[in-house]
file upload.txt (compact mmCIF, C-alpha atoms and all ligand atoms)
# COMPACT_ATOMS: atom_id res chain seq x y z
CA MET H 1 -4.08 -26.96 10.71
CA PRO H 2 -6.05 -24.50 8.57
CA SER H 3 -4.95 -23.97 4.98
CA LEU H 4 -3.13 -20.72 4.19
CA ARG H 5 -6.18 -19.24 2.51
CA GLU H 6 -8.38 -20.11 5.49
CA ARG H 7 -5.87 -18.84 8.01
CA PHE H 8 -5.64 -15.41 6.36
CA ALA H 9 -9.19 -15.19 4.99
CA ASP H 10 -9.98 -12.12 7.09
CA ALA H 11 -6.64 -10.41 6.42
CA PHE H 12 -5.53 -10.71 2.78
CA GLU H 13 -5.58 -13.06 -0.17
CA ILE H 14 -2.90 -15.70 -0.53
CA GLY H 15 -1.68 -15.78 -4.11
CA VAL H 16 0.52 -18.01 -6.22
CA ALA H 17 2.20 -17.58 -9.59
CA LEU H 18 1.70 -20.45 -12.01
CA GLY H 19 3.41 -21.18 -15.30
CA GLY H 20 2.28 -23.29 -18.23
CA LYS H 21 -1.17 -24.71 -18.82
CA LEU H 22 -2.95 -25.88 -15.72
CA SER H 23 -5.01 -28.45 -17.61
CA LYS H 24 -1.90 -30.14 -18.99
CA ASP H 25 1.27 -29.32 -17.06
CA TYR H 26 0.20 -29.89 -13.44
CA THR H 27 -0.23 -33.14 -11.50
CA PRO H 28 -3.41 -33.87 -9.53
CA ALA H 29 -1.45 -33.27 -6.30
CA GLU H 30 -0.35 -29.87 -7.55
CA LEU H 31 -3.85 -28.91 -8.64
CA GLU H 32 -5.15 -29.88 -5.22
CA LEU H 33 -2.47 -27.81 -3.54
CA ILE H 34 -3.44 -24.78 -5.63
CA SER H 35 -7.14 -25.02 -4.98
CA THR H 36 -6.89 -25.73 -1.27
CA GLN H 37 -4.11 -23.36 -0.16
CA PHE H 38 -4.46 -20.30 -2.38
CA SER H 39 -7.16 -17.78 -3.18
CA ASN H 40 -5.55 -15.82 -6.04
CA ILE H 41 -3.42 -16.83 -9.01
CA THR H 42 -1.04 -14.88 -11.23
CA PRO H 43 0.19 -16.10 -14.60
CA GLU H 44 3.98 -16.31 -14.19
CA ASN H 45 4.78 -15.70 -17.86
CA CYS H 46 1.92 -16.24 -20.30
CA MET H 47 0.34 -12.78 -20.02
CA LYS H 48 3.58 -10.90 -20.60
CA PRO H 49 3.57 -8.91 -23.87
CA ALA H 50 5.99 -11.22 -25.74
CA LEU H 51 3.86 -14.26 -25.01
CA ILE H 52 0.33 -12.92 -25.25
CA HIS H 53 1.02 -10.58 -28.19
CA PRO H 54 3.91 -12.10 -30.17
CA GLU H 55 3.09 -10.30 -33.43
CA GLU H 56 1.27 -7.07 -34.10
CA ASN H 57 -1.80 -8.83 -35.44
CA ARG H 58 -1.64 -11.99 -33.38
CA TYR H 59 -2.57 -12.56 -29.76
CA ASP H 60 -2.09 -15.86 -27.97
CA PHE H 61 -4.78 -16.14 -25.33
CA ALA H 62 -4.81 -19.95 -25.06
CA THR H 63 -2.58 -20.36 -21.99
CA PRO H 64 -3.96 -17.45 -19.95
CA ASP H 65 -7.49 -18.54 -20.90
CA ASP H 66 -6.72 -21.96 -19.48
CA LEU H 67 -5.57 -20.39 -16.21
CA VAL H 68 -8.66 -18.19 -16.04
CA ALA H 69 -10.91 -21.21 -16.64
CA PHE H 70 -9.21 -23.12 -13.80
CA ALA H 71 -9.60 -20.11 -11.52
CA ARG H 72 -13.33 -19.90 -12.33
CA GLN H 73 -13.82 -23.56 -11.59
CA TYR H 74 -12.27 -23.22 -8.15
CA TRP H 75 -13.50 -19.73 -7.31
CA LEU H 76 -10.02 -18.23 -7.28
CA ASN H 77 -9.29 -14.63 -8.22
CA VAL H 78 -6.80 -13.84 -10.96
CA THR H 79 -4.25 -11.01 -10.96
CA GLY H 80 -2.87 -10.20 -14.40
CA HIS H 81 0.88 -9.77 -14.96
CA CYS H 82 1.85 -7.57 -16.78
CA LEU H 83 0.86 -5.06 -19.47
CA VAL H 84 4.12 -3.13 -19.86
CA TRP H 85 7.60 -4.35 -18.94
CA HIS H 86 11.05 -3.92 -20.43
CA GLN H 87 11.60 -7.71 -20.33
CA GLN H 88 9.68 -10.33 -22.29
CA CYS H 89 8.44 -7.62 -24.58
CA PRO H 90 8.27 -8.27 -28.34
CA ASP H 91 10.63 -6.30 -30.57
CA TRP H 92 7.91 -5.48 -33.10
CA ILE H 93 6.42 -2.89 -30.73
CA PHE H 94 9.54 -0.74 -31.09
CA ALA H 95 10.37 -1.23 -34.79
CA ASP H 96 9.08 0.28 -37.98
CA GLN H 97 10.47 -1.12 -41.25
CA GLY H 98 13.84 -1.88 -39.73
CA LYS H 99 14.11 1.47 -37.95
CA PRO H 100 13.11 2.54 -34.43
CA ALA H 101 9.40 3.29 -34.46
CA PRO H 102 8.31 6.88 -33.78
CA ARG H 103 6.71 7.76 -30.45
CA ASP H 104 3.19 8.03 -31.85
CA LEU H 105 3.30 4.59 -33.39
CA VAL H 106 4.63 2.95 -30.20
CA LEU H 107 1.95 4.74 -28.17
CA GLN H 108 -0.75 3.63 -30.57
CA ARG H 109 0.48 0.01 -30.37
CA THR H 110 0.70 0.17 -26.58
CA ARG H 111 -2.84 1.49 -26.37
CA GLN H 112 -4.07 -1.25 -28.68
CA HIS H 113 -2.24 -3.92 -26.65
CA ILE H 114 -3.71 -2.69 -23.37
CA ARG H 115 -7.15 -2.31 -24.90
CA GLN H 116 -7.19 -5.85 -26.29
CA VAL H 117 -5.84 -7.60 -23.18
CA LEU H 118 -8.11 -5.72 -20.77
CA SER H 119 -11.17 -6.15 -22.96
CA TRP H 120 -10.54 -9.87 -23.43
CA TYR H 121 -10.20 -10.38 -19.67
CA ARG H 122 -12.88 -7.98 -18.45
CA GLY H 123 -14.72 -9.80 -15.68
CA ALA H 124 -11.93 -12.35 -15.35
CA LEU H 125 -9.22 -10.26 -13.75
CA GLN H 126 -9.49 -8.75 -10.32
CA GLY H 127 -6.46 -6.56 -10.97
CA ILE H 128 -3.39 -6.29 -13.16
CA ASP H 129 0.20 -5.06 -12.99
CA VAL H 130 0.01 -2.21 -15.49
CA VAL H 131 3.70 -1.34 -15.39
CA ASN H 132 6.38 -3.61 -14.03
CA GLU H 133 9.84 -2.55 -12.81
CA ALA H 134 10.05 0.96 -14.27
CA ILE H 135 12.34 2.32 -11.57
CA ASP H 136 16.08 2.46 -12.14
CA ASP H 137 18.27 0.21 -9.98
CA GLY H 138 21.02 2.84 -9.92
CA PRO H 139 20.90 6.56 -9.21
CA GLY H 140 18.53 7.35 -12.13
CA TYR H 141 14.78 7.77 -11.76
CA ILE H 142 13.04 5.89 -14.57
CA ARG H 143 14.96 2.86 -15.89
CA LYS H 144 16.30 3.39 -19.42
CA SER H 145 14.80 0.87 -21.83
CA LYS H 146 13.24 0.65 -25.28
CA TRP H 147 10.13 2.15 -23.69
CA THR H 148 11.95 5.31 -22.67
CA GLN H 149 13.90 5.42 -25.95
CA CYS H 150 10.79 5.27 -28.11
CA ILE H 151 8.25 7.08 -25.93
CA GLY H 152 10.13 8.86 -23.14
CA ASP H 153 9.89 8.57 -19.35
CA ASP H 154 6.18 9.29 -19.62
CA TYR H 155 5.54 5.79 -21.01
CA VAL H 156 4.53 4.88 -17.43
CA GLU H 157 1.94 7.63 -17.34
CA MET H 158 0.64 6.70 -20.78
CA ALA H 159 0.32 3.03 -19.81
CA PHE H 160 -1.78 3.97 -16.76
CA ARG H 161 -3.82 6.33 -18.93
CA PHE H 162 -4.66 3.56 -21.41
CA ALA H 163 -5.28 1.07 -18.61
CA ALA H 164 -7.77 3.43 -16.97
CA GLU H 165 -9.46 3.95 -20.33
CA PHE H 166 -10.09 0.23 -20.88
CA GLY H 167 -9.80 -1.28 -17.41
CA GLU H 168 -13.14 -0.53 -15.83
CA GLY H 169 -13.68 -2.95 -12.95
CA ILE H 170 -10.03 -4.07 -12.99
CA ARG H 171 -7.69 -2.78 -10.29
CA LEU H 172 -4.52 -1.20 -11.62
CA TYR H 173 -1.16 -1.81 -9.99
CA TYR H 174 2.45 -0.66 -10.13
CA ASN H 175 4.79 -3.58 -9.38
CA ASP H 176 8.55 -3.57 -8.68
CA TYR H 177 11.36 -5.20 -6.71
CA SER H 178 13.47 -3.65 -3.91
CA ILE H 179 11.04 -0.71 -3.59
CA GLU H 180 10.88 -1.35 0.14
CA MET H 181 14.52 -0.18 0.31
CA PRO H 182 15.05 3.56 0.86
CA GLU H 183 16.64 4.42 -2.54
CA LYS H 184 13.98 2.82 -4.72
CA ARG H 185 11.18 3.50 -2.24
CA GLU H 186 11.64 7.24 -2.55
CA LYS H 187 11.42 6.96 -6.35
CA ALA H 188 8.37 4.68 -6.20
CA ILE H 189 6.60 7.18 -3.97
CA ARG H 190 7.50 10.02 -6.34
CA LEU H 191 6.23 8.02 -9.32
CA VAL H 192 2.89 7.05 -7.81
CA ARG H 193 2.37 10.53 -6.37
CA ASP H 194 3.01 12.04 -9.82
CA LEU H 195 0.61 9.63 -11.49
CA LYS H 196 -2.08 10.40 -8.95
CA ALA H 197 -1.46 14.14 -9.25
CA LYS H 198 -2.24 13.74 -12.96
CA GLY H 199 -5.58 12.22 -12.01
CA LEU H 200 -4.56 8.68 -12.89
CA ARG H 201 -5.79 5.63 -11.08
CA VAL H 202 -3.19 3.55 -9.22
CA ASP H 203 -5.09 1.18 -6.96
CA GLY H 204 -2.17 -0.74 -5.57
CA ILE H 205 1.57 -1.01 -5.24
CA GLY H 206 3.19 -4.43 -5.46
CA ILE H 207 6.36 -5.04 -3.49
CA GLN H 208 7.74 -8.13 -5.21
CA GLY H 209 9.50 -9.68 -2.22
CA HIS H 210 12.32 -11.71 -3.78
CA TRP H 211 14.30 -11.89 -0.56
CA MET H 212 17.22 -13.94 0.71
CA LEU H 213 17.45 -16.06 3.84
CA ASP H 214 18.98 -14.07 6.72
CA LYS H 215 18.64 -10.81 4.75
CA VAL H 216 14.93 -10.08 4.88
CA PRO H 217 14.53 -6.28 5.15
CA PHE H 218 12.00 -6.35 8.01
CA THR H 219 12.69 -2.81 9.23
CA GLU H 220 12.40 -1.25 5.78
CA LEU H 221 9.22 -3.17 5.04
CA ASP H 222 7.73 -1.92 8.26
CA LYS H 223 8.25 1.63 6.98
CA ALA H 224 7.46 1.05 3.30
CA ILE H 225 4.01 -0.50 3.75
CA PRO H 226 2.41 2.46 5.60
CA GLU H 227 4.25 4.97 3.39
CA PHE H 228 2.80 3.38 0.25
CA ALA H 229 -0.62 3.16 1.88
CA ALA H 230 -0.45 6.88 2.69
CA LEU H 231 -0.49 7.55 -1.07
CA GLY H 232 -3.99 6.12 -1.13
CA CYS H 233 -2.93 2.75 -2.49
CA LYS H 234 -3.39 -0.79 -1.29
CA VAL H 235 -0.15 -2.68 -0.81
CA MET H 236 0.58 -6.19 -2.05
CA ILE H 237 3.48 -8.56 -1.65
CA THR H 238 3.39 -9.97 -5.14
CA GLU H 239 6.30 -12.36 -5.81
CA LEU H 240 7.38 -13.71 -2.45
CA ASP H 241 10.23 -16.20 -2.10
CA LEU H 242 13.15 -16.70 0.30
CA ASP H 243 16.29 -17.72 -1.55
CA MET H 244 18.14 -20.45 0.38
CA VAL H 245 21.30 -20.77 -1.72
CA ARG H 246 23.77 -17.91 -1.50
CA ARG H 247 23.67 -15.50 -4.45
CA GLU H 248 25.51 -12.23 -4.96
CA THR H 249 22.75 -10.48 -6.90
CA SER H 250 20.04 -8.74 -4.93
CA GLY H 251 16.68 -7.72 -6.36
CA ALA H 252 15.33 -9.64 -9.35
CA ASN H 253 16.83 -8.30 -12.55
CA PRO H 254 16.31 -11.26 -14.91
CA THR H 255 19.36 -10.43 -17.04
CA ALA H 256 21.75 -10.77 -14.08
CA ALA H 257 23.83 -13.93 -14.36
CA GLU H 258 26.35 -15.57 -12.05
CA SER H 259 28.83 -18.26 -13.08
CA ALA H 260 28.26 -21.82 -11.90
CA ARG H 261 29.33 -22.59 -8.31
CA ASP H 262 28.59 -25.15 -5.65
CA ASP H 263 25.05 -26.49 -5.29
CA PRO H 264 24.96 -27.22 -1.55
CA TYR H 265 21.39 -28.45 -1.19
CA VAL H 266 21.13 -30.68 -4.24
CA ASN H 267 20.23 -33.65 -2.00
CA GLY H 268 17.89 -31.67 0.22
CA CYS H 269 17.98 -28.77 2.60
CA PRO H 270 19.24 -29.47 6.17
CA ASP H 271 16.66 -29.26 8.96
CA ALA H 272 18.50 -26.43 10.69
CA VAL H 273 18.35 -24.28 7.55
CA LEU H 274 14.67 -25.09 7.01
CA ALA H 275 14.06 -24.03 10.60
CA ARG H 276 15.67 -20.67 9.92
CA GLN H 277 13.52 -20.28 6.85
CA ALA H 278 10.42 -21.14 8.88
CA GLN H 279 11.30 -18.57 11.51
CA GLN H 280 11.82 -15.83 8.90
CA TYR H 281 8.66 -16.64 6.94
CA GLY H 282 6.78 -16.64 10.24
CA GLU H 283 8.19 -13.25 11.16
CA LEU H 284 7.26 -11.89 7.75
CA PHE H 285 3.63 -12.95 8.06
CA HIS H 286 3.55 -11.54 11.57
CA LEU H 287 4.63 -8.22 10.06
CA PHE H 288 2.06 -8.52 7.24
CA GLU H 289 -0.70 -9.16 9.78
CA ARG H 290 0.30 -6.07 11.73
CA HIS H 291 -0.21 -4.08 8.52
CA GLN H 292 -3.19 -6.05 7.30
CA ARG H 293 -5.44 -3.04 6.92
CA HIS H 294 -3.15 -1.88 4.11
CA ILE H 295 -2.42 -5.26 2.52
CA THR H 296 -4.79 -7.00 0.11
CA ARG H 297 -2.67 -9.90 -1.15
CA VAL H 298 0.48 -11.84 -0.34
CA ALA H 299 1.49 -13.95 -3.31
CA PHE H 300 4.23 -16.56 -3.69
CA TRP H 301 6.27 -16.71 -6.89
CA GLY H 302 5.75 -20.39 -7.63
CA LEU H 303 3.73 -23.27 -6.23
CA HIS H 304 6.50 -25.33 -4.64
CA ASP H 305 10.29 -25.58 -4.50
CA GLY H 306 10.49 -27.53 -7.75
CA ARG H 307 8.66 -24.82 -9.66
CA SER H 308 10.60 -21.79 -8.47
CA TRP H 309 12.46 -19.57 -10.94
CA LEU H 310 15.27 -19.48 -8.32
CA ASN H 311 16.37 -22.94 -9.47
CA SER H 312 17.72 -21.32 -12.64
CA TRP H 313 18.40 -17.65 -11.79
CA PRO H 314 20.99 -16.09 -11.56
CA ARG H 315 22.67 -19.49 -12.06
CA LYS H 316 21.52 -23.11 -11.98
CA ARG H 317 20.96 -24.19 -8.36
CA THR H 318 18.77 -26.55 -6.36
CA ASN H 319 16.68 -24.10 -4.39
CA HIS H 320 14.17 -24.50 -1.58
CA ALA H 321 12.63 -21.05 -1.57
CA LEU H 322 8.91 -21.68 -1.10
CA LEU H 323 6.54 -23.14 1.50
CA PHE H 324 5.96 -26.54 -0.09
CA ASP H 325 8.61 -29.06 -1.15
CA ARG H 326 8.97 -30.78 -4.52
CA GLN H 327 6.41 -33.43 -3.49
CA CYS H 328 3.91 -30.73 -2.51
CA ARG H 329 4.43 -31.49 1.17
CA PRO H 330 4.28 -28.57 3.61
CA LYS H 331 7.71 -27.53 4.90
CA PRO H 332 8.27 -26.31 8.48
CA ALA H 333 7.61 -22.76 7.21
CA VAL H 334 3.91 -23.55 6.70
CA ALA H 335 3.33 -24.19 10.39
CA ALA H 336 5.33 -21.06 11.27
CA VAL H 337 3.29 -18.90 8.90
CA VAL H 338 -0.01 -20.30 10.17
CA ALA H 339 1.10 -19.79 13.79
O1 LIG R 401 9.54 -21.62 -22.36
C1 LIG R 401 10.93 -21.67 -22.71
C2 LIG R 401 11.32 -23.08 -23.09
O2 LIG R 401 10.63 -23.45 -24.25
C3 LIG R 401 12.83 -23.11 -23.31
O3 LIG R 401 13.24 -24.41 -23.57
C4 LIG R 401 13.56 -22.60 -22.07
C5 LIG R 401 15.07 -22.55 -22.27
O4 LIG R 401 15.68 -21.51 -21.53
O5 LIG R 401 13.12 -21.29 -21.79
C6 LIG R 401 11.72 -21.23 -21.51
O6 LIG R 401 11.41 -19.89 -21.25
C7 LIG R 401 11.81 -19.41 -20.00
C8 LIG R 401 10.57 -18.91 -19.26
O7 LIG R 401 10.94 -18.31 -18.06
C9 LIG R 401 9.58 -20.05 -18.95
O8 LIG R 401 10.14 -20.95 -18.04
C10 LIG R 401 12.77 -18.25 -20.21
O9 LIG R 401 13.99 -18.72 -20.78
C11 LIG R 401 13.04 -17.55 -18.89
O10 LIG R 401 13.81 -16.38 -19.15
C12 LIG R 401 11.74 -17.16 -18.25
O11 LIG R 401 12.04 -16.61 -17.00
C13 LIG R 401 11.01 -15.89 -16.39
C14 LIG R 401 11.51 -14.49 -16.07
O12 LIG R 401 10.50 -13.77 -15.37
C15 LIG R 401 11.85 -13.75 -17.36
O13 LIG R 401 12.15 -12.46 -17.18
C16 LIG R 401 10.61 -16.60 -15.11
O14 LIG R 401 9.98 -17.85 -15.45
C17 LIG R 401 9.65 -15.75 -14.31
O15 LIG R 401 9.47 -16.33 -13.05
C18 LIG R 401 10.24 -14.35 -14.12
O16 LIG R 401 9.31 -13.58 -13.42
C19 LIG R 401 9.71 -12.25 -13.07
C20 LIG R 401 8.46 -11.42 -12.96
O17 LIG R 401 7.75 -11.49 -14.17
C21 LIG R 401 8.79 -9.98 -12.63
N1 LIG R 401 9.58 -9.90 -11.44
C22 LIG R 401 10.78 -10.70 -11.43
C23 LIG R 401 10.43 -12.16 -11.73
C24 LIG R 401 11.67 -12.99 -11.67
O18 LIG R 401 12.55 -12.61 -12.71

call {"tool": "encode", "arguments": {"input": "upload.txt", "output": "structure tokens"}}
result
Amino acid sequence: MPSLRERFADAFEIGVALGGKLSKDYTPAELELISTQFSNITPENCMKPALIHPEENRYDFATPDDLVAFARQYWLNVTGHCLVWHQQCPDWIFADQGKPAPRDLVLQRTRQHIRQVLSWYRGALQGIDVVNEAIDDGPGYIRKSKWTQCIGDDYVEMAFRFAAEFGEGIRLYYNDYSIEMPEKREKAIRLVRDLKAKGLRVDGIGIQGHWMLDKVPFTELDKAIPEFAALGCKVMITELDLDMVRRETSGANPTAAESARDDPYVNGCPDAVLARQAQQYGELFHLFERHQRHITRVAFWGLHDGRSWLNSWPRKRTNHALLFDRQCRPKPAVAAVVA
């Protein structure tokens, strides 16, 4: 059986999000899985503002540098994640001597942050999520956050402006969850259209793809991909997983929490459920292939079931959301995807 990256070599890249330091936190079996199956890696956490820029005058490039070095060694591309987000963002950006910082100061700090990260990784990043999750989950347009409080809704525009200023040779993306669904899709289209009308560069739109078993929005995806492409953007599935343990919360809002409940698959996932997962992953990749002229990357949010964020969000569970099991063995979904 070909590896995933071989199977889709002519269609799109196969990506994976990785946390921690590759040189220290991964087993030889995991490193082999990364280098054989995937063609693109995304840092799961270490490039987010709070981690890479914890204090105004201090950047922490060690962990992302380690990931970039691994990628170089194995000829993998790297997609940065993310320059501006309302989560995992350090408080210092928004404060000035104990008071909320004025717009100009926050803009100046944002520009400096984007300048430093993009300059440091020039030549190392193929693309980067410039703004992550700016669209409101409810009826509003732009999500209210410290960014909108300090700068205004145009923080998105300003972030893309700064990214274009310093990001020569790096593709610039807007990334969000549930934007394949009609309510958020309409707002995502409005946002990207507005940015482009202002002459800003938006090279790609990332549909995160945190979906649930038996609830994959195939029909909406089928519409969303060409609609995003019609804006003159490439489309990417950026954080794919298929949640196997029932949760109430849709989307991927990290602050959502559910109280502890049963953990049905703590001793393993039954074959019949894995077969359903295989069928749905297979159908998804069939859909992606049909739209392959628009799609540049399909990336999984984690290397294998043991490393998925869905084991701890929105409550502690034993999940089985990805293509490889905790021993790095291919699950039935791998064969279905390849087929
Ligand atoms: O590193 C600390 C560790 O020292 C500490 O002991 C432990 C105790 O809770 O926390 C560890 O940090 C956690 C970090 O992941 C690293 O594992 C944070 O608590 C936890 O909040 C953080 O979660 C990350 C989440 O973003 C935060 O918003 C997930 O790993 C990461 O997968 C997730 O990724 C996001 C994307 O960036 C954007 N789209 C949604 C996606 C899922 O929320």

call {"tool": "residues_around", "arguments": {"input": "upload.txt", "residues": "H:Gly140", "least_positions_apart": "5", "cutoff": "12 Å", "atoms": "all atoms listed in the file", "output": "ChimeraX atom specification"}}
result
/H:134-135,153,183-184,186-187

call {"tool": "residues_around", "arguments": {"input": "upload.txt", "residues": "H:Pro102", "least_positions_apart": "2", "cutoff": "12 Å", "atoms": "only C-alpha atoms", "output": "count of residues only"}}
result
21

call {"tool": "residues_near_ligand", "arguments": {"input": "upload.txt", "ligand": "ligand LIG 401 (chain R)", "cutoff": "6 Å", "atoms": "all atoms listed in the file", "output": "list in words"}}
result
Glu44, Gln87, Ala252, Pro254 and Trp309 of chain H

call {"tool": "closest_residue", "arguments": {"input": "upload.txt", "among": "H:Asn319, H:Ser178, H:Gln112, H:Gln73", "to": "H:Glu239", "atoms": "all atoms listed in the file"}}
result
H:Ser178

call {"tool": "residues_around", "arguments": {"input": "upload.txt", "residues": "stretch 212-214 of chain H", "least_positions_apart": "4", "cutoff": "8 Å", "atoms": "all atoms listed in the file", "output": "list in words"}}
result
Asp241, Leu242, Asp243, Met244, Arg246, Arg276, Gln277 and Gln280 of chain H

call {"tool": "atom_distance", "arguments": {"input": "upload.txt", "atom1": "atom CA of H:Ala336", "atom2": "atom CA of H:Tyr281"}}
result
7.0 Å

call {"tool": "atom_distance", "arguments": {"input": "upload.txt", "atom1": "atom CA of H:Gly199", "atom2": "atom CA of H:Glu165"}}
result
12.4 Å

call {"tool": "residues_around", "arguments": {"input": "upload.txt", "residues": "H:Leu76", "least_positions_apart": "4", "cutoff": "8 Å", "atoms": "all atoms listed in the file", "output": "list in words"}}
result
Ser35, Phe38, Ser39, Asn40, Ile41, Ala71 and Arg72 of chain H

call {"tool": "build_atoms", "arguments": {"input": "upload.txt", "residues": "stretch 285-296 of chain H", "atoms": "N, CA and C atoms", "output": "compact mmCIF listing (two decimals), keeping the file's coordinate frame"}}
result
# COMPACT_ATOMS: atom_id res chain seq x y z
N PHE H 285 5.10 -12.96 8.02
CA PHE H 285 3.63 -12.95 8.06
C PHE H 285 3.12 -12.25 9.32
N HIS H 286 3.92 -12.30 10.37
CA HIS H 286 3.55 -11.54 11.57
C HIS H 286 3.53 -10.05 11.23
N LEU H 287 4.55 -9.62 10.48
CA LEU H 287 4.63 -8.22 10.06
C LEU H 287 3.45 -7.88 9.12
N PHE H 288 3.17 -8.78 8.17
CA PHE H 288 2.06 -8.52 7.24
C PHE H 288 0.74 -8.40 8.02
N GLU H 289 0.56 -9.24 9.01
CA GLU H 289 -0.70 -9.16 9.78
C GLU H 289 -0.80 -7.85 10.54
N ARG H 290 0.34 -7.37 11.04
CA ARG H 290 0.30 -6.07 11.73
C ARG H 290 -0.14 -4.96 10.79
N HIS H 291 0.16 -5.11 9.51
CA HIS H 291 -0.21 -4.08 8.52
C HIS H 291 -1.41 -4.52 7.68
N GLN H 292 -2.19 -5.44 8.17
CA GLN H 292 -3.19 -6.05 7.30
C GLN H 292 -4.24 -5.08 6.77
N ARG H 293 -4.44 -3.96 7.45
CA ARG H 293 -5.44 -3.04 6.92
C ARG H 293 -4.97 -2.40 5.62
N HIS H 294 -3.68 -2.44 5.36
CA HIS H 294 -3.15 -1.88 4.11
C HIS H 294 -2.94 -2.94 3.03
N ILE H 295 -2.86 -4.19 3.45
CA ILE H 295 -2.42 -5.26 2.52
C ILE H 295 -3.61 -6.05 2.00
N THR H 296 -3.67 -6.24 0.67
CA THR H 296 -4.79 -7.00 0.11
C THR H 296 -4.38 -8.39 -0.36
